[in-house]
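Shown next: entry-v9.txt, containing compact mmCIF, C-alpha atoms.
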```txt
# COMPACT_ATOMS: atom_id res chain seq x y z
CA MET I 27 -35.85 -1.84 -8.53
CA SER I 28 -36.47 -0.95 -4.88
CA ARG I 29 -32.89 -1.97 -3.99
CA TYR I 30 -31.57 1.18 -5.69
CA SER I 31 -34.53 3.51 -5.07
CA ARG I 32 -32.50 5.94 -2.90
CA HIS I 33 -30.08 6.36 -5.79
CA ILE I 34 -32.75 6.59 -8.45
CA ILE I 35 -34.74 9.32 -6.71
CA LEU I 36 -31.64 11.52 -6.71
CA SER I 37 -32.07 13.68 -9.80
CA GLU I 38 -28.26 13.63 -10.29
CA ILE I 39 -28.31 9.82 -10.64
CA GLY I 40 -31.76 8.57 -11.72
CA GLN I 41 -32.31 5.29 -13.57
CA LYS I 42 -29.77 6.40 -16.19
CA GLY I 43 -27.02 6.79 -13.57
CA GLN I 44 -27.96 3.53 -11.89
CA ASN I 45 -27.64 1.78 -15.26
CA LYS I 46 -24.12 3.20 -15.57
CA LEU I 47 -23.26 1.65 -12.20
CA ILE I 48 -24.73 -1.70 -13.25
CA GLN I 49 -22.65 -1.66 -16.44
CA ALA I 50 -19.40 -0.64 -14.69
CA LYS I 51 -16.50 -3.05 -14.12
CA VAL I 52 -14.09 -2.35 -11.28
CA LEU I 53 -11.07 -4.24 -9.96
CA VAL I 54 -10.22 -3.92 -6.26
CA ILE I 55 -6.70 -5.00 -5.32
CA GLY I 56 -6.39 -5.89 -1.66
CA ALA I 57 -9.42 -6.95 0.40
CA GLY I 58 -8.03 -5.60 3.67
CA GLY I 59 -8.66 -2.46 5.70
CA LEU I 60 -9.26 -0.27 2.63
CA GLY I 61 -10.61 -3.00 0.35
CA CYS I 62 -13.44 -4.03 2.72
CA PRO I 63 -15.29 -0.68 2.84
CA ILE I 64 -14.55 -0.05 -0.86
CA LEU I 65 -16.06 -3.43 -1.80
CA GLN I 66 -18.97 -3.10 0.59
CA TYR I 67 -20.11 0.27 -0.80
CA LEU I 68 -19.50 -0.57 -4.45
CA ALA I 69 -21.38 -3.87 -4.18
CA ALA I 70 -24.23 -2.18 -2.27
CA ALA I 71 -24.36 0.59 -4.90
CA GLY I 72 -24.92 -2.02 -7.59
CA VAL I 73 -21.61 -1.78 -9.48
CA GLY I 74 -22.32 -4.64 -11.85
CA THR I 75 -18.95 -6.36 -12.20
CA ILE I 76 -16.42 -6.45 -9.37
CA GLY I 77 -13.05 -8.24 -9.31
CA ILE I 78 -11.20 -8.84 -6.03
CA VAL I 79 -7.49 -9.69 -5.91
CA ASP I 80 -5.99 -10.92 -2.62
CA PHE I 81 -3.71 -13.88 -1.83
CA ASP I 82 -3.85 -13.37 1.93
CA ILE I 83 -5.95 -15.17 4.54
CA VAL I 84 -8.25 -13.71 7.23
CA GLU I 85 -6.66 -13.48 10.68
CA GLU I 86 -8.21 -12.51 13.99
CA SER I 87 -6.13 -9.29 14.11
CA ASN I 88 -7.82 -8.21 10.85
CA LEU I 89 -11.28 -8.12 12.43
CA GLN I 90 -10.57 -4.81 14.23
CA ARG I 91 -11.05 -3.02 10.87
CA GLN I 92 -11.70 -5.45 8.00
CA ILE I 93 -15.46 -5.34 8.23
CA LEU I 94 -16.40 -7.96 5.64
CA PHE I 95 -14.95 -10.76 7.77
CA GLY I 96 -15.85 -12.53 11.01
CA MET I 97 -15.04 -15.56 13.15
CA SER I 98 -16.55 -17.87 10.54
CA THR I 99 -14.06 -16.72 7.88
CA LEU I 100 -10.82 -16.97 9.93
CA GLY I 101 -8.20 -18.82 7.90
CA LYS I 102 -10.08 -18.36 4.61
CA ASN I 103 -8.68 -16.53 1.59
CA LYS I 104 -9.75 -12.86 1.75
CA ALA I 105 -10.84 -12.57 -1.90
CA LEU I 106 -13.05 -15.66 -1.58
CA ALA I 107 -14.41 -14.68 1.85
CA ALA I 108 -15.21 -11.14 0.61
CA LYS I 109 -16.98 -12.54 -2.46
CA GLU I 110 -19.16 -14.77 -0.28
CA ARG I 111 -20.15 -11.88 2.00
CA LEU I 112 -20.82 -9.49 -0.93
CA GLU I 113 -22.96 -12.04 -2.76
CA ASP I 114 -25.22 -12.09 0.28
CA LEU I 115 -25.26 -8.28 0.32
CA ASN I 116 -26.09 -8.04 -3.39
CA PRO I 117 -26.78 -11.24 -5.37
CA THR I 118 -27.68 -9.24 -8.50
CA ILE I 119 -24.06 -8.33 -9.36
CA SER I 120 -21.20 -10.42 -10.72
CA ILE I 121 -18.16 -10.87 -8.46
CA THR I 122 -14.93 -12.63 -9.40
CA ALA I 123 -12.37 -13.54 -6.72
CA TYR I 124 -8.70 -13.86 -7.69
CA PRO I 125 -7.12 -15.61 -4.69
CA GLU I 126 -3.62 -14.90 -5.95
CA ARG I 127 -0.83 -12.35 -5.89
CA LEU I 128 -0.80 -9.48 -8.39
CA THR I 129 2.40 -9.78 -10.45
CA VAL I 130 3.97 -8.24 -13.57
CA LYS I 131 2.82 -11.41 -15.36
CA ASN I 132 -0.91 -11.20 -14.61
CA ALA I 133 -1.50 -7.46 -14.00
CA VAL I 134 -1.93 -6.19 -17.58
CA ASN I 135 -4.30 -8.96 -18.69
CA LEU I 136 -6.34 -8.60 -15.53
CA PHE I 137 -6.57 -4.80 -15.79
CA ASN I 138 -7.70 -5.03 -19.43
CA ASN I 139 -10.95 -6.68 -18.26
CA TYR I 140 -11.97 -3.73 -16.04
CA ASP I 141 -12.79 0.00 -16.39
CA ILE I 142 -11.42 1.27 -13.08
CA ILE I 143 -8.59 -0.02 -10.87
CA ILE I 144 -8.67 0.51 -7.09
CA ASP I 145 -5.56 0.24 -4.91
CA GLY I 146 -6.21 -1.07 -1.39
CA THR I 147 -2.83 -2.78 -0.93
CA ASP I 148 -0.36 -2.48 1.94
CA ASN I 149 3.08 -2.35 0.33
CA PHE I 150 5.02 -0.15 -2.09
CA THR I 151 6.06 -2.93 -4.47
CA THR I 152 2.42 -3.64 -5.34
CA ARG I 153 1.45 0.03 -5.32
CA TYR I 154 4.07 0.86 -7.99
CA LEU I 155 3.13 -2.24 -9.95
CA ILE I 156 -0.54 -1.16 -9.91
CA ASN I 157 0.32 2.39 -10.93
CA ASP I 158 2.48 1.29 -13.86
CA ALA I 159 0.04 -1.36 -15.09
CA SER I 160 -2.85 1.16 -14.92
CA LEU I 161 -0.80 3.61 -16.97
CA ILE I 162 0.07 0.94 -19.53
CA THR I 163 -3.55 -0.23 -19.84
CA ASN I 164 -4.82 3.39 -19.70
CA LYS I 165 -7.18 2.80 -16.76
CA PRO I 166 -7.99 5.35 -14.06
CA LEU I 167 -6.57 4.33 -10.67
CA VAL I 168 -8.31 5.22 -7.40
CA TYR I 169 -5.55 5.32 -4.79
CA GLY I 170 -5.75 5.24 -1.00
CA ALA I 171 -3.09 4.66 1.65
CA ILE I 172 -2.94 4.93 5.43
CA TYR I 173 -0.46 5.37 8.26
CA LYS I 174 -1.54 5.15 11.92
CA PHE I 175 -4.07 8.05 12.10
CA GLU I 176 -3.56 9.59 8.64
CA GLY I 177 -4.64 8.77 5.12
CA GLN I 178 -4.12 9.85 1.51
CA VAL I 179 -6.59 9.62 -1.39
CA SER I 180 -6.17 10.47 -5.07
CA VAL I 181 -7.21 9.47 -8.59
CA PHE I 182 -4.33 8.79 -10.96
CA ASN I 183 -4.04 8.28 -14.71
CA TYR I 184 -7.44 9.90 -15.23
CA GLU I 185 -7.90 11.67 -18.58
CA ASN I 186 -4.15 12.14 -18.97
CA GLY I 187 -3.76 13.40 -15.40
CA PRO I 188 -0.80 12.76 -13.08
CA SER I 189 0.22 9.30 -11.87
CA TYR I 190 1.50 8.09 -8.49
CA ARG I 191 5.06 8.46 -9.79
CA CYS I 192 4.41 12.17 -10.39
CA ILE I 193 4.28 12.55 -6.58
CA PHE I 194 6.72 9.85 -5.48
CA PRO I 195 8.87 8.90 -8.50
CA THR I 196 10.53 5.83 -6.95
CA PRO I 197 9.68 3.47 -4.09
CA PRO I 198 11.27 4.32 -0.73
CA THR I 199 14.11 2.10 0.46
CA ALA I 200 12.89 -1.32 1.57
CA GLY I 201 11.77 -1.29 5.18
CA SER I 202 11.89 2.51 5.65
CA VAL I 203 8.09 2.98 5.77
CA PRO I 204 6.24 0.50 7.97
CA ASN I 205 2.74 -0.85 7.26
CA CYS I 206 -0.26 -1.37 9.56
CA SER I 207 0.77 -4.75 10.96
CA GLU I 208 4.10 -3.26 12.03
CA VAL I 209 2.99 0.04 13.62
CA GLY I 210 -0.76 -0.31 14.13
CA VAL I 211 -3.67 1.67 12.73
CA LEU I 212 -6.84 3.22 14.14
CA GLY I 213 -9.55 0.77 13.06
CA VAL I 214 -11.97 3.35 11.67
CA LEU I 215 -9.30 5.11 9.55
CA PRO I 216 -9.30 2.63 6.62
CA GLY I 217 -13.11 2.83 6.85
CA ILE I 218 -12.95 6.59 6.22
CA ILE I 219 -10.25 6.47 3.54
CA GLY I 220 -11.77 3.41 1.81
CA SER I 221 -15.18 5.13 1.77
CA MET I 222 -13.56 8.19 0.18
CA GLN I 223 -12.08 5.88 -2.48
CA ALA I 224 -15.50 4.30 -3.09
CA ASN I 225 -16.91 7.82 -3.46
CA GLU I 226 -14.30 8.65 -6.13
CA VAL I 227 -15.18 5.44 -7.98
CA LEU I 228 -18.90 6.29 -7.96
CA LYS I 229 -18.17 9.85 -9.20
CA LEU I 230 -15.99 8.45 -12.00
CA ILE I 231 -18.70 6.04 -13.12
CA LEU I 232 -21.55 8.55 -12.80
CA GLY I 233 -19.62 11.52 -14.21
CA LEU I 234 -20.60 13.59 -11.16
CA GLY I 235 -18.73 16.32 -9.30
CA ASN I 236 -14.99 16.85 -9.35
CA VAL I 237 -12.76 13.79 -9.45
CA LEU I 238 -9.64 13.97 -7.21
CA SER I 239 -7.35 13.93 -10.24
CA GLY I 240 -4.27 16.15 -9.91
CA LYS I 241 -5.03 16.39 -6.17
CA LEU I 242 -3.82 14.45 -3.18
CA LEU I 243 -6.24 14.58 -0.27
CA CYS I 244 -4.55 14.16 3.13
CA TYR I 245 -6.76 13.37 6.12
CA ASN I 246 -5.81 13.35 9.79
CA ALA I 247 -8.23 11.44 12.04
CA LEU I 248 -6.88 13.03 15.25
CA THR I 249 -7.27 16.65 14.16
CA SER I 250 -10.14 15.98 11.70
CA GLU I 251 -8.17 18.16 9.29
CA THR I 252 -8.20 17.64 5.55
CA ILE I 253 -5.63 19.22 3.25
CA THR I 254 -5.81 18.84 -0.51
CA LEU I 255 -2.47 19.28 -2.26
CA THR I 256 -2.13 20.00 -5.97
CA VAL I 257 -0.09 17.47 -7.96
CA ASN I 258 1.48 18.45 -11.27
CA LYS I 259 1.93 15.93 -14.03
CA SER I 260 5.48 14.80 -14.81
CA GLU I 261 5.65 13.77 -18.48
CA LEU I 262 9.12 12.37 -17.80
CA GLU I 263 7.90 9.92 -15.13
CA ILE I 264 4.89 8.87 -17.20
CA ASN I 265 6.93 8.36 -20.37
CA ASN I 266 9.48 6.30 -18.43
CA VAL I 267 6.71 3.85 -17.60
CA LEU I 268 5.08 3.89 -21.03
CA ASN I 269 8.44 3.33 -22.74
CA GLN I 270 8.75 0.04 -20.86
CA LYS I 271 5.33 -1.13 -21.98
CA ASP I 272 6.62 -3.96 -24.17
CA THR I 273 9.03 -5.38 -21.60
CA PHE I 274 6.77 -4.81 -18.57
CA GLN I 275 5.92 -8.49 -18.09
CA ASP I 276 9.62 -9.40 -17.91
CA ASN I 277 10.48 -6.70 -15.38
CA GLN I 278 10.35 -8.97 -12.32
CA GLU I 279 13.29 -7.38 -10.52
CA GLU I 280 11.90 -3.92 -9.94
CA PHE I 281 8.69 -5.27 -8.48
CA ASN I 282 10.25 -8.03 -6.42
CA CYS I 283 12.87 -5.88 -4.67
CA ASP I 284 16.54 -6.23 -5.37
CA ILE I 285 17.13 -9.23 -3.14
CA SER I 286 14.83 -11.64 -4.96
CA PHE I 287 17.74 -13.99 -5.65
CA ASN I 288 17.85 -14.58 -1.91
CA GLU I 289 14.33 -15.96 -1.90
CA ILE I 290 13.68 -19.63 -1.31
CA SER I 291 10.58 -21.82 -1.48
CA ILE I 292 9.54 -23.98 1.49
CA GLU I 293 10.18 -27.15 -0.52
CA LYS I 294 13.77 -26.14 -1.26
CA ALA I 295 14.34 -24.82 2.25
CA LEU I 296 13.40 -28.18 3.80
CA LEU I 297 15.93 -29.97 1.60
CA ARG I 298 18.77 -28.11 3.30
CA LYS I 299 20.47 -29.68 6.28
CA ASN I 300 21.89 -27.08 8.61
CA ILE I 301 19.17 -24.47 8.86
CA GLN I 302 17.66 -22.08 11.39
CA PHE I 303 14.11 -20.82 10.80
CA ILE I 304 13.46 -17.27 12.05
CA ASP I 305 9.95 -15.83 12.36
CA VAL I 306 10.17 -12.02 12.02
CA ARG I 307 6.47 -11.38 12.51
CA GLU I 308 5.24 -9.46 15.55
CA THR I 309 4.51 -11.82 18.45
CA HIS I 310 0.71 -11.34 18.23
CA GLU I 311 0.48 -12.41 14.59
CA GLN I 312 -1.38 -15.56 13.58
CA PRO I 313 -1.21 -18.31 12.48
CA LYS I 314 1.52 -19.69 14.72
CA VAL I 315 3.91 -22.06 12.99
CA ASN I 316 4.62 -24.64 15.68
CA ILE I 317 5.08 -27.39 13.14
CA ILE I 318 8.73 -26.43 12.54
CA ASN I 319 11.47 -25.50 14.98
CA HIS I 320 12.09 -21.78 14.82
CA ILE I 321 13.08 -18.76 16.82
CA GLN I 322 11.01 -15.60 16.94
CA ILE I 323 12.51 -12.12 16.54
CA PRO I 324 10.08 -9.44 15.32
CA LEU I 325 11.53 -7.38 12.48
CA SER I 326 11.29 -4.26 14.66
CA LYS I 327 13.71 -5.85 17.18
CA LEU I 328 15.94 -7.76 14.77
CA GLU I 329 18.96 -5.49 14.98
CA LEU I 330 18.85 -5.61 18.80
CA GLN I 331 18.87 -9.42 18.93
CA LEU I 332 21.50 -10.36 16.36
CA ASP I 333 23.16 -12.57 19.01
CA LYS I 334 20.23 -15.02 18.76
CA ILE I 335 21.13 -15.75 15.16
CA ASP I 336 23.21 -18.86 14.55
CA THR I 337 26.02 -17.78 12.23
CA ASP I 338 27.02 -21.40 11.48
CA LYS I 339 23.65 -22.23 9.98
CA GLU I 340 21.75 -21.13 6.90
CA LYS I 341 18.99 -18.77 7.97
CA ILE I 342 15.48 -19.14 6.54
CA ILE I 343 13.61 -15.97 7.46
CA PHE I 344 9.83 -15.93 7.25
CA CYS I 345 7.01 -13.49 7.94
CA GLN I 346 3.34 -13.62 6.97
CA SER I 347 3.64 -13.41 3.21
CA GLY I 348 7.31 -12.96 2.32
CA ILE I 349 7.63 -9.17 2.22
CA ARG I 350 8.99 -8.30 5.66
CA SER I 351 11.31 -11.30 5.51
CA LYS I 352 13.00 -9.64 2.52
CA LYS I 353 13.56 -6.52 4.59
CA ALA I 354 14.99 -8.75 7.32
CA VAL I 355 17.42 -10.36 4.86
CA ALA I 356 18.52 -6.90 3.69
CA LEU I 357 18.97 -5.83 7.32
CA LEU I 358 21.01 -8.93 8.20
CA GLN I 359 23.19 -8.47 5.14
CA LYS I 360 23.80 -4.89 6.22
CA ASN I 361 25.01 -6.32 9.56
CA ASN I 362 27.36 -8.70 7.71
CA ILE I 363 25.33 -11.81 8.45
CA SER I 364 25.37 -13.97 5.34
CA ASN I 365 23.54 -17.15 4.25
CA CYS I 366 20.13 -15.61 4.83
CA TYR I 367 17.11 -16.48 2.69
CA SER I 368 13.65 -14.98 2.61
CA LEU I 369 10.97 -17.68 2.58
CA LYS I 370 8.61 -17.17 -0.36
CA GLU I 371 5.02 -16.62 0.81
CA GLY I 372 6.08 -16.92 4.43
CA ALA I 373 4.15 -18.68 7.17
CA ILE I 374 1.29 -19.35 4.75
CA ALA I 375 3.60 -21.45 2.56
CA ILE I 376 4.82 -23.48 5.55
CA LEU I 377 1.31 -24.29 6.72
CA GLU I 378 0.11 -25.10 3.20
CA HIS I 379 3.10 -27.39 2.69
CA TYR I 380 2.34 -29.39 5.82
CA ASN I 381 -1.41 -29.44 5.16
CA GLN I 382 -0.81 -30.99 1.76
CA ASN I 383 1.78 -33.52 2.96
CA MET V 12 10.23 35.09 6.25
CA ASN V 13 8.52 33.22 9.06
CA LEU V 14 7.55 29.86 7.54
CA LYS V 15 4.76 27.67 8.91
CA ILE V 16 5.82 24.08 8.30
CA LYS V 17 3.43 21.13 8.57
CA TYR V 18 4.69 17.55 8.97
CA PHE V 19 2.74 14.44 7.98
CA GLY V 20 2.86 10.75 8.90
CA MET V 21 6.10 9.33 10.23
CA LEU V 22 7.86 12.69 9.85
CA THR V 23 6.06 13.88 13.00
CA GLU V 24 7.87 11.11 14.89
CA VAL V 25 11.18 12.72 13.87
CA THR V 26 10.15 16.31 14.53
CA GLN V 27 7.97 15.49 17.57
CA CYS V 28 5.47 18.08 16.35
CA GLN V 29 2.88 18.38 13.61
CA GLU V 30 3.57 22.00 12.88
CA GLU V 31 6.16 24.63 13.68
CA SER V 32 7.27 28.08 12.67
CA PHE V 33 10.70 28.47 11.21
CA LEU V 34 12.56 31.70 10.41
CA PHE V 35 13.98 31.40 6.92
CA SER V 36 16.07 33.91 5.02
CA LYS V 37 17.50 31.85 2.12
CA SER V 38 15.88 31.04 -1.19
CA THR V 39 15.01 27.51 -2.35
CA VAL V 40 13.34 24.34 -1.05
CA SER V 41 16.81 22.73 -1.01
CA ASP V 42 18.10 25.49 1.29
CA LEU V 43 15.16 24.91 3.60
CA LEU V 44 15.83 21.15 3.63
CA ASP V 45 19.47 21.78 4.58
CA LEU V 46 18.27 23.78 7.57
CA LEU V 47 15.73 21.11 8.54
CA PHE V 48 18.31 18.33 8.18
CA SER V 49 20.67 20.09 10.54
CA LYS V 50 17.84 20.55 13.05
CA TYR V 51 16.55 16.96 12.57
CA PRO V 52 19.37 14.71 11.28
CA MET V 53 16.96 11.72 11.16
CA LEU V 54 14.85 13.52 8.58
CA LYS V 55 17.57 12.81 6.01
CA GLU V 56 16.72 9.10 6.19
CA LYS V 57 13.08 9.72 5.27
CA ASP V 58 11.41 9.87 1.88
CA PHE V 59 9.08 12.83 1.45
CA GLN V 60 7.93 15.56 -0.91
CA VAL V 61 7.53 19.27 -0.21
CA ALA V 62 4.44 21.37 -0.87
CA GLN V 63 4.34 25.16 -0.93
CA LYS V 64 0.95 26.85 -0.63
CA GLN V 65 -0.59 23.35 -1.03
CA ILE V 66 1.17 22.63 -4.34
CA LEU V 67 3.80 19.89 -4.52
CA VAL V 68 7.04 21.49 -5.72
CA SER V 69 10.56 20.46 -6.76
CA LYS V 70 13.72 21.02 -4.71
CA ASP V 71 14.88 23.98 -6.80
CA THR V 72 11.65 25.95 -6.30
CA ILE V 73 12.09 29.39 -4.74
CA ILE V 74 10.22 29.70 -1.47
CA SER V 75 7.77 32.56 -1.84
CA ASP V 76 4.98 31.55 0.51
CA ALA V 77 4.91 30.94 4.26
CA GLU V 78 2.84 27.76 4.03
CA ILE V 79 5.05 24.66 3.65
CA ALA V 80 4.17 20.97 4.10
CA LEU V 81 6.39 17.87 4.18
CA LEU V 82 4.60 14.78 2.91
CA PRO V 83 5.89 11.18 3.11
CA PRO V 84 4.44 8.23 1.15
CA PHE V 85 2.18 5.82 3.10
CA ALA V 86 2.25 2.06 2.52
CA GLY V 87 -0.63 0.87 4.67
CA GLY V 88 -3.97 -0.43 3.55
```
Rewrite the structure from the file as structure tokens, please.
Amino acid sequence: MSRYSRHIILSEIGQKGQNKLIQAKVLVIGAGGLGCPILQYLAAAGVGTIGIVDFDIVEESNLQRQILFGMSTLGKNKALAAKERLEDLNPTISITAYPERLTVKNAVNLFNNYDIIIDGTDNFTTRYLINDASLITNKPLVYGAIYKFEGQVSVFNYENGPSYRCIFPTPPTAGSVPNCSEVGVLGVLPGIIGSMQANEVLKLILGLGNVLSGKLLCYNALTSETITLTVNKSELEINNVLNQKDTFQDNQEEFNCDISFNEISIEKALLRKNIQFIDVRETHEQPKVNIINHIQIPLSKLELQLDKIDTDKEKIIFCQSGIRSKKAVALLQKNNISNCYSLKEGAIAILEHYNQN
Amino acid sequence: MNLKIKYFGMLTEVTQCQEESFLFSKSTVSDLLDLLFSKYPMLKEKDFQVAQKQILVSKDTIISDAEIALLPPFAGG
């Protein structure tokens, strides 16, 4: 096939290696800054079966770095939009979009259908969920994460190697480490880190070179420096996860933060009488939710503007997807403001509710 | 021993530098952290791991090499 000729003429790959790529099944979680370059290179390389998990929709502020999308896909689900773009890039492979959230309920079954799991998500709850489900299903996990101008790459759970919990045993406190939409990110950085992840995936499939197992590669885009740290395996951390294998699907609390009982759906929220909606997204974030009365206080400024909050009303806090709003509820509780609820699935849920009704 | 300490990610916002030299005469990683926490009280609020000579180590490890790095987890993607 001429499509793969530049692979096949490499003596290290050849037709045999290309066949391995065609037979491989990989699952990419998150079709955002990292997921886009990962998906683009794996689809172009001819990885035969690709799954894409993402519940989020394409926004204009994504286009600065999420290279699979454009003006024509604004407002579309990212998994579906990525699938459409990749099918044009390579119609010979099979791509499945899962336009849903990864949860303790669906993770294990989903992972069982693939050979390699790739983490391109943007929050710790999902990162720990992915790590634990990969351990339980015994799948190698290609990890990447970014912060402003820096990135980290590693391969976990590979041939009994270390896992993410061997570096960072427990998630940091909610809200202590911001993500890209809160602090910004250099657009090309996820391109570099995502490409490094794609490279690890190809090496895993082809059995080439040295896989970044037991290593954490740290890259700084401003200094162009790369440092590779050695990670030792912690049997204790790994056994802690494996011991919970049978109850994993019931373990909602750990992966939904500890304030999940303060979550509310849009349907239930609208049934309440005396409520104040608060949008804690940054002011530039889309889509705007003009359909309901609300006040806007970005999470980063929440503690400075507590006086705007109506203490006599029940507060329904929303963000884009329902993650930052949980942090906001925790923050308000810390400031002794009660009757606060985090809106499940955030602004997306509000818009979907009004579109359907 | 004159330690060379590297800071990553959001830790550089606390220390206002990516790297510094630090004179250290005690023994373990914990002792070093105590010194750093008194210099940068905000560092106590942060999650991070410590590497010595590019190997991630536990808090009770004896410091025997000048090359130290403080590494926080990143969420972004």
Residues of chain I within 6 Å of chain V, counting all atoms listed in the file, as a PDB file with C-alpha atoms, keeping the file's coordinate frame:
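Now in out.pdb:
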```pdb
ATOM      1  CA  GLY I  59      -8.660  -2.460   5.700  1.00  0.00           C
ATOM      2  CA  LEU I  60      -9.260  -0.270   2.630  1.00  0.00           C
ATOM      3  CA  GLY I 146      -6.210  -1.070  -1.390  1.00  0.00           C
ATOM      4  CA  THR I 147      -2.830  -2.780  -0.930  1.00  0.00           C
ATOM      5  CA  ASP I 148      -0.360  -2.480   1.940  1.00  0.00           C
ATOM      6  CA  ASN I 149       3.080  -2.350   0.330  1.00  0.00           C
ATOM      7  CA  PHE I 150       5.020  -0.150  -2.090  1.00  0.00           C
ATOM      8  CA  ALA I 171      -3.090   4.660   1.650  1.00  0.00           C
ATOM      9  CA  ILE I 172      -2.940   4.930   5.430  1.00  0.00           C
ATOM     10  CA  TYR I 173      -0.460   5.370   8.260  1.00  0.00           C
ATOM     11  CA  ASN I 205       2.740  -0.850   7.260  1.00  0.00           C
ATOM     12  CA  CYS I 206      -0.260  -1.370   9.560  1.00  0.00           C
ATOM     13  CA  LEU I 255      -2.470  19.280  -2.260  1.00  0.00           C
ATOM     14  CA  THR I 256      -2.130  20.000  -5.970  1.00  0.00           C
ATOM     15  CA  VAL I 257      -0.090  17.470  -7.960  1.00  0.00           C
TER      16      VAL I 257
END
```
Q: Using only C-alpha atoms, pick whichever of I:Leu357, I:Ile55, I:Leu228, I:Ile93 has the shortest atom-to-atom distance to I:Asn157.
A: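 For I:Asn157, the nearest of the given residues is I:Ile55.
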**Q.** Coordinates-based distance that separates atom CA of I:Leu248 from atom CA of I:Val181 (Å, one decimal)
**A.**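 We find that atom CA of I:Val181 and atom CA of I:Leu248 lie 24.1 Å from each other.
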(Q) Residues within 8 Å of stretch 33-41 of chain V, please, as JSON, numbers by chain. Count only C-alpha atoms; anything in the same chain fewer than 4 positions from it doesn't count. (A) {"V": [12, 13, 14, 15, 16, 45, 61, 69, 70, 71, 72, 73, 74]}
Around (5.8, 20.5, 15.9) in the file's own coordinates, what residues are found within 12 Å if you use only C-alpha atoms, given back as a short mmCIF file (atom, residue, chain, number, x, y, z; two decimals) with C-alpha atoms, in the frame of the given file?
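Output file point.cif is given in full below:
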```
data_model
loop_
_atom_site.label_atom_id
_atom_site.label_comp_id
_atom_site.auth_asym_id
_atom_site.auth_seq_id
_atom_site.Cartn_x
_atom_site.Cartn_y
_atom_site.Cartn_z
CA LYS V 15 4.76 27.67 8.91
CA ILE V 16 5.82 24.08 8.30
CA LYS V 17 3.43 21.13 8.57
CA TYR V 18 4.69 17.55 8.97
CA PHE V 19 2.74 14.44 7.98
CA LEU V 22 7.86 12.69 9.85
CA THR V 23 6.06 13.88 13.00
CA GLU V 24 7.87 11.11 14.89
CA VAL V 25 11.18 12.72 13.87
CA THR V 26 10.15 16.31 14.53
CA GLN V 27 7.97 15.49 17.57
CA CYS V 28 5.47 18.08 16.35
CA GLN V 29 2.88 18.38 13.61
CA GLU V 30 3.57 22.00 12.88
CA GLU V 31 6.16 24.63 13.68
CA SER V 32 7.27 28.08 12.67
CA PHE V 33 10.70 28.47 11.21
CA TYR V 51 16.55 16.96 12.57
CA ALA V 80 4.17 20.97 4.10
#
```
Q. What is the atom CA of I:Glu110-atom CA of I:Ser87 distance in Å, reported with one decimal?
A.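 Between atom CA of I:Glu110 and atom CA of I:Ser87 the gap works out to 20.2 Å.
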Q: Could you tell me how far atom CA of I:Thr309 lies from atom CA of I:Gly220, in Å and to one decimal?
A: 27.8 Å
Q: Would you kindly return, as a VMD selection string, each protein, DNA or RNA residue with an atom no farther than 7 Å from any atom of I:Phe175, considering only C-alpha atoms and excluding same-chain residues fewer than 6 positions away?
A: chain I and resid 211 to 212 215 246 to 248
Q: Point out the residue among I:Glu185, I:Asn316, I:Ile304, I:Gly40 with the least atom-to-atom distance to I:Leu238, counting only C-alpha atoms.
A: I:Glu185
Q: Between I:Pro324, I:Pro166, I:Pro125, I:Gly187, single out the one closest to I:Leu230, counting all atoms listed in the file.
A: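 Checking each of I:Pro324, I:Pro166, I:Pro125, I:Gly187 against I:Leu230, counting all atoms listed in the file, the winner is I:Pro166.
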